[in-house]
>>> print(open('final25.cif').read())   # mmCIF, C-alpha atoms
data_protein
#
loop_
_atom_site.label_atom_id
_atom_site.label_comp_id
_atom_site.auth_asym_id
_atom_site.auth_seq_id
_atom_site.Cartn_x
_atom_site.Cartn_y
_atom_site.Cartn_z
CA MET R 1 101.97 61.78 89.66
CA SER R 2 105.44 60.36 89.10
CA ARG R 3 107.36 60.98 85.90
CA THR R 4 108.98 58.22 83.85
CA THR R 5 111.56 58.90 81.15
CA PRO R 6 111.32 56.43 78.25
CA PRO R 7 114.33 54.14 77.70
CA ARG R 8 116.95 55.64 75.42
CA PRO R 9 116.39 54.76 71.74
CA PHE R 10 119.83 53.13 71.64
CA ASP R 11 122.02 51.34 74.20
CA ALA R 12 124.88 53.83 74.45
CA GLU R 13 127.33 51.50 76.19
CA ALA R 14 126.64 48.62 73.83
CA LEU R 15 127.39 50.92 70.90
CA PHE R 16 130.37 52.61 72.55
CA PRO R 17 131.86 50.56 75.42
CA GLY R 18 134.26 53.40 76.20
CA LEU R 19 131.32 55.34 77.66
CA ALA R 20 130.89 52.94 80.58
CA PRO R 21 133.52 54.55 82.87
CA LEU R 22 132.06 57.98 82.07
CA ARG R 23 128.53 57.10 83.14
CA ARG R 24 126.93 59.36 85.78
CA THR R 25 123.58 59.39 87.51
CA ALA R 26 121.48 62.53 87.26
CA THR R 27 118.19 63.19 89.02
CA ARG R 28 115.61 64.83 86.78
CA LEU R 29 113.50 66.97 89.11
CA HIS R 30 110.45 67.26 86.80
CA PRO R 31 109.03 70.45 88.37
CA ARG R 32 105.33 70.98 87.74
CA PRO R 33 103.05 73.80 88.99
CA GLY R 34 101.71 73.14 92.46
CA SER R 35 101.51 74.28 96.08
CA PRO R 36 104.56 72.92 97.91
CA THR R 37 105.09 73.51 101.61
CA ALA R 38 108.31 74.16 103.52
CA ARG R 39 108.47 70.44 104.29
CA ASP R 40 108.49 69.54 100.58
CA SER R 41 111.12 69.48 97.87
CA SER R 42 110.26 72.25 95.44
CA VAL R 43 111.27 74.86 92.92
CA GLY R 44 110.03 78.31 93.91
CA GLY R 45 108.31 77.03 97.06
CA PRO R 46 108.70 78.15 100.69
CA MET R 47 111.98 77.30 102.40
CA LEU R 48 112.37 75.38 105.63
CA TRP R 49 113.82 78.38 107.42
CA PRO R 50 114.30 78.84 111.20
CA THR R 51 112.75 81.96 112.74
CA ASP R 52 116.04 82.90 114.44
CA GLU R 53 118.30 82.67 111.35
CA PRO R 54 118.99 85.71 109.14
CA TRP R 55 117.69 85.38 105.58
CA PRO R 56 120.46 85.52 102.93
CA VAL R 57 120.85 88.85 101.13
CA CYS R 58 122.74 89.90 98.02
CA PRO R 59 126.14 91.43 98.85
CA THR R 60 125.98 93.73 95.79
CA PRO R 61 124.03 97.04 95.85
CA HIS R 62 121.43 97.30 93.09
CA LYS R 63 119.72 100.28 91.48
CA GLY R 64 116.36 101.07 93.04
CA ALA R 65 117.01 99.15 96.26
CA ASP R 66 117.21 101.09 99.56
CA ARG R 67 118.81 98.21 101.44
CA PRO R 68 120.45 94.82 100.70
CA LEU R 69 118.05 92.73 98.68
CA PRO R 70 116.83 89.37 99.99
CA LEU R 71 117.81 86.52 97.75
CA ILE R 72 115.10 84.49 96.02
CA GLY R 73 114.57 80.92 97.20
CA VAL R 74 115.03 78.96 93.97
CA ALA R 75 115.05 75.30 94.96
CA GLN R 76 114.74 73.19 98.09
CA LEU R 77 115.76 69.54 97.86
CA TYR R 78 115.28 66.90 100.55
CA ARG R 79 117.65 63.95 100.48
CA ARG R 80 114.70 61.56 100.77
CA ASP R 81 113.69 62.74 97.29
CA VAL R 82 117.17 63.24 95.82
CA PRO R 83 119.40 60.58 97.45
CA GLY R 84 122.45 61.52 95.39
CA LEU R 85 122.94 64.95 96.95
CA PRO R 86 126.57 65.34 98.10
CA HIS R 87 127.77 65.92 101.66
CA PRO R 88 125.10 64.03 103.65
CA GLU R 89 126.97 64.86 106.84
CA LEU R 90 125.86 68.48 106.47
CA GLY R 91 122.17 67.74 106.48
CA ASP R 92 119.24 66.30 104.59
CA VAL R 93 118.05 69.56 103.01
CA LEU R 94 119.79 71.58 100.30
CA GLN R 95 118.54 75.11 99.63
CA VAL R 96 119.53 77.20 96.61
CA PHE R 97 119.14 80.99 96.48
CA TRP R 98 120.01 83.58 93.86
CA CYS R 99 119.66 87.27 93.11
CA THR R 100 117.27 88.36 90.38
CA PHE R 101 119.77 90.96 89.17
CA GLU R 102 122.65 90.13 86.88
CA GLY R 103 126.01 91.83 86.36
CA HIS R 104 127.55 90.94 89.73
CA THR R 105 131.15 90.54 88.58
CA ASP R 106 132.95 91.27 85.34
CA GLY R 107 130.28 89.91 83.02
CA ALA R 108 127.09 91.76 82.19
CA TYR R 109 125.01 88.62 82.79
CA ASP R 110 126.84 87.16 85.78
CA MET R 111 124.53 85.94 88.53
CA HIS R 112 125.01 85.54 92.28
CA ALA R 113 123.86 82.39 94.08
CA GLU R 114 124.24 80.94 97.57
CA LEU R 115 123.59 77.53 99.14
CA ARG R 116 122.38 76.48 102.55
CA ARG R 117 122.37 72.97 103.99
CA ARG R 118 120.53 71.93 107.12
CA HIS R 119 119.05 69.07 109.12
CA ALA R 120 115.27 69.18 108.81
CA ASP R 121 114.63 67.75 112.28
CA GLU R 122 116.55 70.65 113.85
CA VAL R 123 114.07 73.22 112.52
CA THR R 124 111.14 73.41 114.93
CA GLU R 125 109.83 76.94 114.33
CA THR R 126 109.74 78.04 110.70
CA LEU R 127 109.62 81.54 109.31
CA ALA R 128 106.00 82.15 108.25
CA GLU R 129 106.50 85.21 106.03
CA GLN R 130 109.67 84.83 104.01
CA PRO R 131 111.44 87.97 102.75
CA VAL R 132 111.07 89.03 99.13
CA PRO R 133 113.03 91.79 97.35
CA ASP R 134 111.39 95.22 96.92
CA VAL R 135 112.67 95.36 93.35
CA VAL R 136 113.37 92.57 90.88
CA GLY R 137 116.09 92.66 88.26
CA ARG R 138 114.53 90.13 85.93
CA ALA R 139 111.10 88.65 86.58
CA GLU R 140 112.24 85.62 84.57
CA LEU R 141 114.54 84.68 87.46
CA VAL R 142 111.66 84.38 89.94
CA PRO R 143 110.40 80.78 89.74
CA ASP R 144 106.73 79.90 89.98
CA PRO R 145 105.94 77.45 92.81
CA CYS R 146 106.41 73.88 91.59
CA VAL R 147 106.27 70.47 93.19
CA LEU R 148 108.89 67.95 92.11
CA HIS R 149 108.74 64.41 90.79
CA PRO R 150 112.40 63.28 91.02
CA GLU R 151 113.65 60.48 88.79
CA GLU R 152 117.15 59.08 88.38
CA VAL R 153 118.52 58.66 84.85
CA THR R 154 121.88 57.81 83.32
CA GLU R 155 123.92 60.45 81.50
CA TYR R 156 127.14 60.54 79.49
CA PRO R 157 129.50 63.46 78.75
CA TRP R 158 128.78 66.12 76.18
CA PHE R 159 130.10 65.09 72.75
CA GLU R 160 133.09 67.48 72.81
CA GLU R 161 134.21 66.08 76.16
CA LEU R 162 134.69 62.62 74.68
CA SER R 163 138.11 61.41 73.58
CA PRO R 164 138.93 61.96 69.88
CA ASP R 165 138.55 58.22 69.27
CA LEU R 166 135.08 58.14 70.84
CA GLN R 167 134.04 61.26 68.94
CA GLU R 168 135.06 59.64 65.69
CA ARG R 169 133.15 56.46 66.53
CA VAL R 170 130.02 58.45 67.38
CA GLU R 171 130.22 60.51 64.19
CA THR R 172 130.68 57.39 62.04
CA TRP R 173 127.72 55.71 63.71
CA GLU R 174 125.49 58.76 63.21
CA GLU R 175 126.42 58.85 59.53
CA ASP R 176 125.61 55.15 59.24
CA GLU R 177 122.23 55.86 60.84
CA GLY R 178 121.47 57.93 57.74
CA ASP R 179 121.61 61.53 58.98
CA GLU R 180 124.99 62.97 59.83
CA ASP R 181 123.33 66.20 61.03
CA ALA R 182 121.01 64.46 63.47
CA GLU R 183 123.40 64.56 66.45
CA VAL R 184 121.62 61.59 67.96
CA TYR R 185 124.24 61.24 70.69
CA VAL R 186 123.78 64.81 71.94
CA SER R 187 119.98 64.82 71.64
CA ASP R 188 119.13 61.34 72.88
CA LEU R 189 122.04 59.69 74.68
CA SER R 190 124.16 62.32 76.40
CA THR R 191 122.51 64.76 78.83
CA ALA R 192 118.87 64.98 79.87
CA PRO R 193 117.09 68.31 79.38
CA GLY R 194 115.27 70.16 82.15
CA TRP R 195 115.93 70.84 85.83
CA LYS R 196 118.20 68.24 87.39
CA THR R 197 120.91 67.51 89.91
CA GLY R 198 124.21 65.79 89.14
CA GLY R 199 124.97 64.20 85.82
CA HIS R 200 126.95 66.01 83.13
CA ILE R 201 126.88 69.59 81.82
CA ALA R 202 125.37 70.29 78.41
CA TRP R 203 127.97 72.60 76.84
CA ASN R 204 125.72 73.61 73.95
CA LEU R 205 126.80 77.25 73.76
CA THR R 206 130.46 77.64 74.68
CA GLY R 207 131.80 74.13 74.40
CA PRO R 208 133.52 72.44 77.37
CA THR R 209 135.78 74.42 79.65
CA ASP R 210 137.86 73.44 82.67
CA LEU R 211 136.15 73.98 86.02
CA PRO R 212 138.84 73.84 88.72
CA CYS R 213 137.89 74.81 92.26
CA THR R 214 139.54 78.15 93.02
CA GLU R 215 140.59 76.86 96.45
CA CYS R 216 141.87 73.32 95.83
CA GLY R 217 141.85 72.76 92.06
CA THR R 218 139.40 69.85 92.20
CA GLU R 219 137.07 69.70 89.19
CA LEU R 220 133.72 71.23 90.11
CA PHE R 221 130.56 69.12 90.07
CA PRO R 222 127.21 70.17 88.50
CA LEU R 223 125.07 70.31 91.63
CA LEU R 224 121.94 71.86 90.10
CA THR R 225 120.92 72.71 86.54
CA ALA R 226 118.10 75.25 86.17
CA THR R 227 116.66 75.79 82.72
CA ASP R 228 113.89 77.49 80.79
CA ARG R 229 112.50 74.28 79.33
CA GLU R 230 111.85 70.64 80.09
CA TRP R 231 112.39 69.66 76.46
CA ASP R 232 112.63 71.16 72.99
CA SER R 233 112.30 69.99 69.41
CA SER R 234 115.65 68.16 69.54
CA THR R 235 115.09 66.38 72.87
CA THR R 236 111.57 65.02 72.59
CA SER R 237 112.75 61.47 73.31
CA TRP R 238 113.26 62.60 76.94
CA ILE R 239 109.61 63.63 77.44
CA PRO R 240 108.15 61.50 80.25
CA TYR R 241 105.39 59.10 79.35
CA GLU R 242 103.01 60.97 81.66
CA ASP R 243 103.47 64.23 79.72
CA ARG R 244 102.93 62.85 76.24
CA ASP R 245 99.13 62.85 76.12
CA GLY R 246 97.94 66.20 74.86
CA SER R 247 101.45 67.68 74.63
CA ASP R 248 102.68 69.37 71.51
CA LEU R 249 106.01 67.60 71.38
CA ARG R 250 107.60 70.18 69.09
CA TYR R 251 107.74 72.93 71.68
CA ALA R 252 109.40 73.46 75.02
CA TYR R 253 107.49 72.98 78.24
CA GLY R 254 108.60 75.48 80.89
CA PRO R 255 106.67 74.95 84.13
CA THR R 256 108.82 77.11 86.41
CA GLY R 257 108.70 80.33 84.41
CA VAL R 258 112.47 80.64 84.84
CA ARG R 259 114.30 81.89 81.76
CA PRO R 260 118.00 82.54 82.31
CA TRP R 261 119.69 84.90 79.89
CA ARG R 262 120.86 81.86 77.96
CA SER R 263 118.96 78.58 78.06
CA HIS R 264 120.23 77.22 81.37
CA VAL R 265 122.45 77.92 84.35
CA VAL R 266 124.46 75.33 86.29
CA VAL R 267 125.37 75.69 89.96
CA ALA R 268 128.74 73.92 90.18
CA THR R 269 130.36 73.13 93.52
CA CYS R 270 133.50 71.52 94.88
CA PRO R 271 132.92 67.81 95.56
CA GLY R 272 135.70 67.77 98.13
CA ASP R 273 134.80 70.73 100.34
CA PRO R 274 131.35 72.41 100.27
CA ARG R 275 132.83 75.52 101.92
CA HIS R 276 134.78 76.33 98.77
CA PRO R 277 133.28 78.91 96.38
CA LEU R 278 130.62 77.77 93.95
CA ARG R 279 130.60 78.76 90.30
CA LEU R 280 127.70 79.53 87.96
CA ILE R 281 127.95 78.38 84.34
CA THR R 282 125.45 79.75 81.83
CA GLN R 283 124.83 77.94 78.57
#
>>> encode(input="final25.cif", output="structure tokens")
Amino acid sequence: MSRTTPPRPFDAEALFPGLAPLRRTATRLHPRPGSPTARDSSVGGPMLWPTDEPWPVCPTPHKGADRPLPLIGVAQLYRRDVPGLPHPELGDVLQVFWCTFEGHTDGAYDMHAELRRRHADEVTETLAEQPVPDVVGRAELVPDPCVLHPEEVTEYPWFEELSPDLQERVETWEEDEGDEDAEVYVSDLSTAPGWKTGGHIAWNLTGPTDLPCTECGTELFPLLTATDREWDSSTTSWIPYEDRDGSDLRYAYGPTGVRPWRSHVVVATCPGDPRHPLRLITQ
């Protein structure tokens, strides 16, 4: 079943024309429990992995592990399902892996992730039994198998990323709407909740920060957002039509079982050169 996000309750660009140049397309992945195969886009499903290619492992030793731990396959995205994936020259499949342990660098909750890109038609023999770690740091970082129902939506920057003039216009409009605490822009017009590719980052915890590539200085791009919920009490306007019957709209719906230490983690990459180091942002 496809998923369809309702139209936004207000026309953001008609209200604030300055948003038009800031518009970005995001692809909501809409993961739902299922039985994906290696030839499907998925969260937590089997990877399209050649039998003669080493499986990625975590470079950091972890307590209780006798050898380097295999990374967990988090998401596999085919370009046929997510046309906006960057760097088409590198293949039509993007694979995202991470370690279930945290504390990889200076921060206690820092995660480690890796990407692989490949051409699906070049994989003829696939690995039947895919490696899993002997020990798991946090079970909440092991996703349940989910099929995807990708859908493109329009997003605008987080409120604090807007120019001071735009911020003032938004605040005045929200006050005129009758509830200055409603934050309608953030909840209903800015960034979509849930798993997605592209779009803008929801800076709900730390506020915006610069994200220069450590190699070339180019601003990093939010390649994949993984989160513990598809919606919450403040973002119910984003609930797809197909999920509204029988849903308690007040509470989050978390089909993947993934619960990062904070509410979501963003895999950010360099739009200019995919070989440059990625960065993980937790919010």
>>> residues_around(input="final25.cif", residues="region 43-53 of chain R", least_positions_apart="4", cutoff="6 Å", atoms="all atoms listed in the file", output="ChimeraX atom specification")
/R:36-38,74-75,123,125-127,143-146
>>> write_last_selection(input="final25.cif", atoms="C-alpha atoms", output="compact mmCIF listing (two decimals), in the coordinates of the input")
# COMPACT_ATOMS: atom_id res chain seq x y z
CA PRO R 36 104.56 72.92 97.91
CA THR R 37 105.09 73.51 101.61
CA ALA R 38 108.31 74.16 103.52
CA VAL R 74 115.03 78.96 93.97
CA ALA R 75 115.05 75.30 94.96
CA VAL R 123 114.07 73.22 112.52
CA GLU R 125 109.83 76.94 114.33
CA THR R 126 109.74 78.04 110.70
CA LEU R 127 109.62 81.54 109.31
CA PRO R 143 110.40 80.78 89.74
CA ASP R 144 106.73 79.90 89.98
CA PRO R 145 105.94 77.45 92.81
CA CYS R 146 106.41 73.88 91.59
>>> resolve_selection(input="final25.cif", expression="the PyMOL selection byres ((chain R and resi 221) around 8)", output="JSON, numbers by chain")
{"R": [198, 219, 220, 222, 223, 268, 269, 270, 271]}
>>> residues_around(input="final25.cif", residues="region 200-211 of chain R", least_positions_apart="2", cutoff="9 Å", atoms="all atoms listed in the file", output="ChimeraX atom specification")
/R:24-26,155-161,186,190-193,198,213-214,217-222,225,262,266,268,279,282-283
>>> atom_distance(input="final25.cif", atom1="CA of Thr60 (chain R)", atom2="CA of Arg229 (chain R)")
28.8 Å
>>> residues_around(input="final25.cif", residues="Phe97 (chain R)", least_positions_apart="5", cutoff="7 Å", atoms="all atoms listed in the file", output="list of chain:residue names")
R:Leu71, R:Ile72, R:Gly73, R:Val74, R:Ala113, R:Glu114, R:Leu115
>>> resolve_selection(input="final25.cif", expression="the PyMOL selection byres ((chain R and resi 133) around 10)", output="MDAnalysis selection string")
chainID R and resid 57:58 65 67:72 99:100 131:132 134:137
>>> resolve_selection(input="final25.cif", expression="the PyMOL selection byres ((chain R and resi 90) around 7)", output="ChimeraX atom specification")
/R:87-89,91,117-118
>>> closest_residue(input="final25.cif", among="R:Thr105, R:Thr124, R:Ser233, R:Ser163", to="Leu22 (chain R)", atoms="only C-alpha atoms")
R:Ser163
>>> residues_around(input="final25.cif", residues="Leu166 (chain R)", least_positions_apart="6", cutoff="10 Å", atoms="only C-alpha atoms", output="list of chain:residue names")
R:Phe16, R:Pro17, R:Gly18, R:Leu19, R:Phe159, R:Glu160, R:Thr172
>>> atom_distance(input="final25.cif", atom1="CA of Pro83 (chain R)", atom2="CA of Leu148 (chain R)")
13.9 Å
>>> atom_distance(input="final25.cif", atom1="CA of Glu230 (chain R)", atom2="CA of Lys196 (chain R)")
10.0 Å
>>> closest_residue(input="final25.cif", among="R:Glu151, R:Glu177, R:Asp228, R:Asp188", to="Thr5 (chain R)", atoms="only C-alpha atoms")
R:Glu151
>>> closest_residue(input="final25.cif", among="R:Tyr253, R:Tyr185, R:Trp231, R:Trp261", to="Gly103 (chain R)", atoms="only C-alpha atoms")
R:Trp261
>>> residues_near_point(input="final25.cif", point="(114.7, 61.5, 74.1)", cutoff="7 Å", atoms="only C-alpha atoms", output="ChimeraX atom specification")
/R:8,187-188,235-239
>>> axis_aligned_box(input="final25.cif", around="region 11-26 of chain R", padding_each_side="3 Å", output="JSON")
{"center_x": 127.9, "center_y": 55.6, "center_z": 79.2, "size_x": 18.8, "size_y": 19.9, "size_z": 22.6}
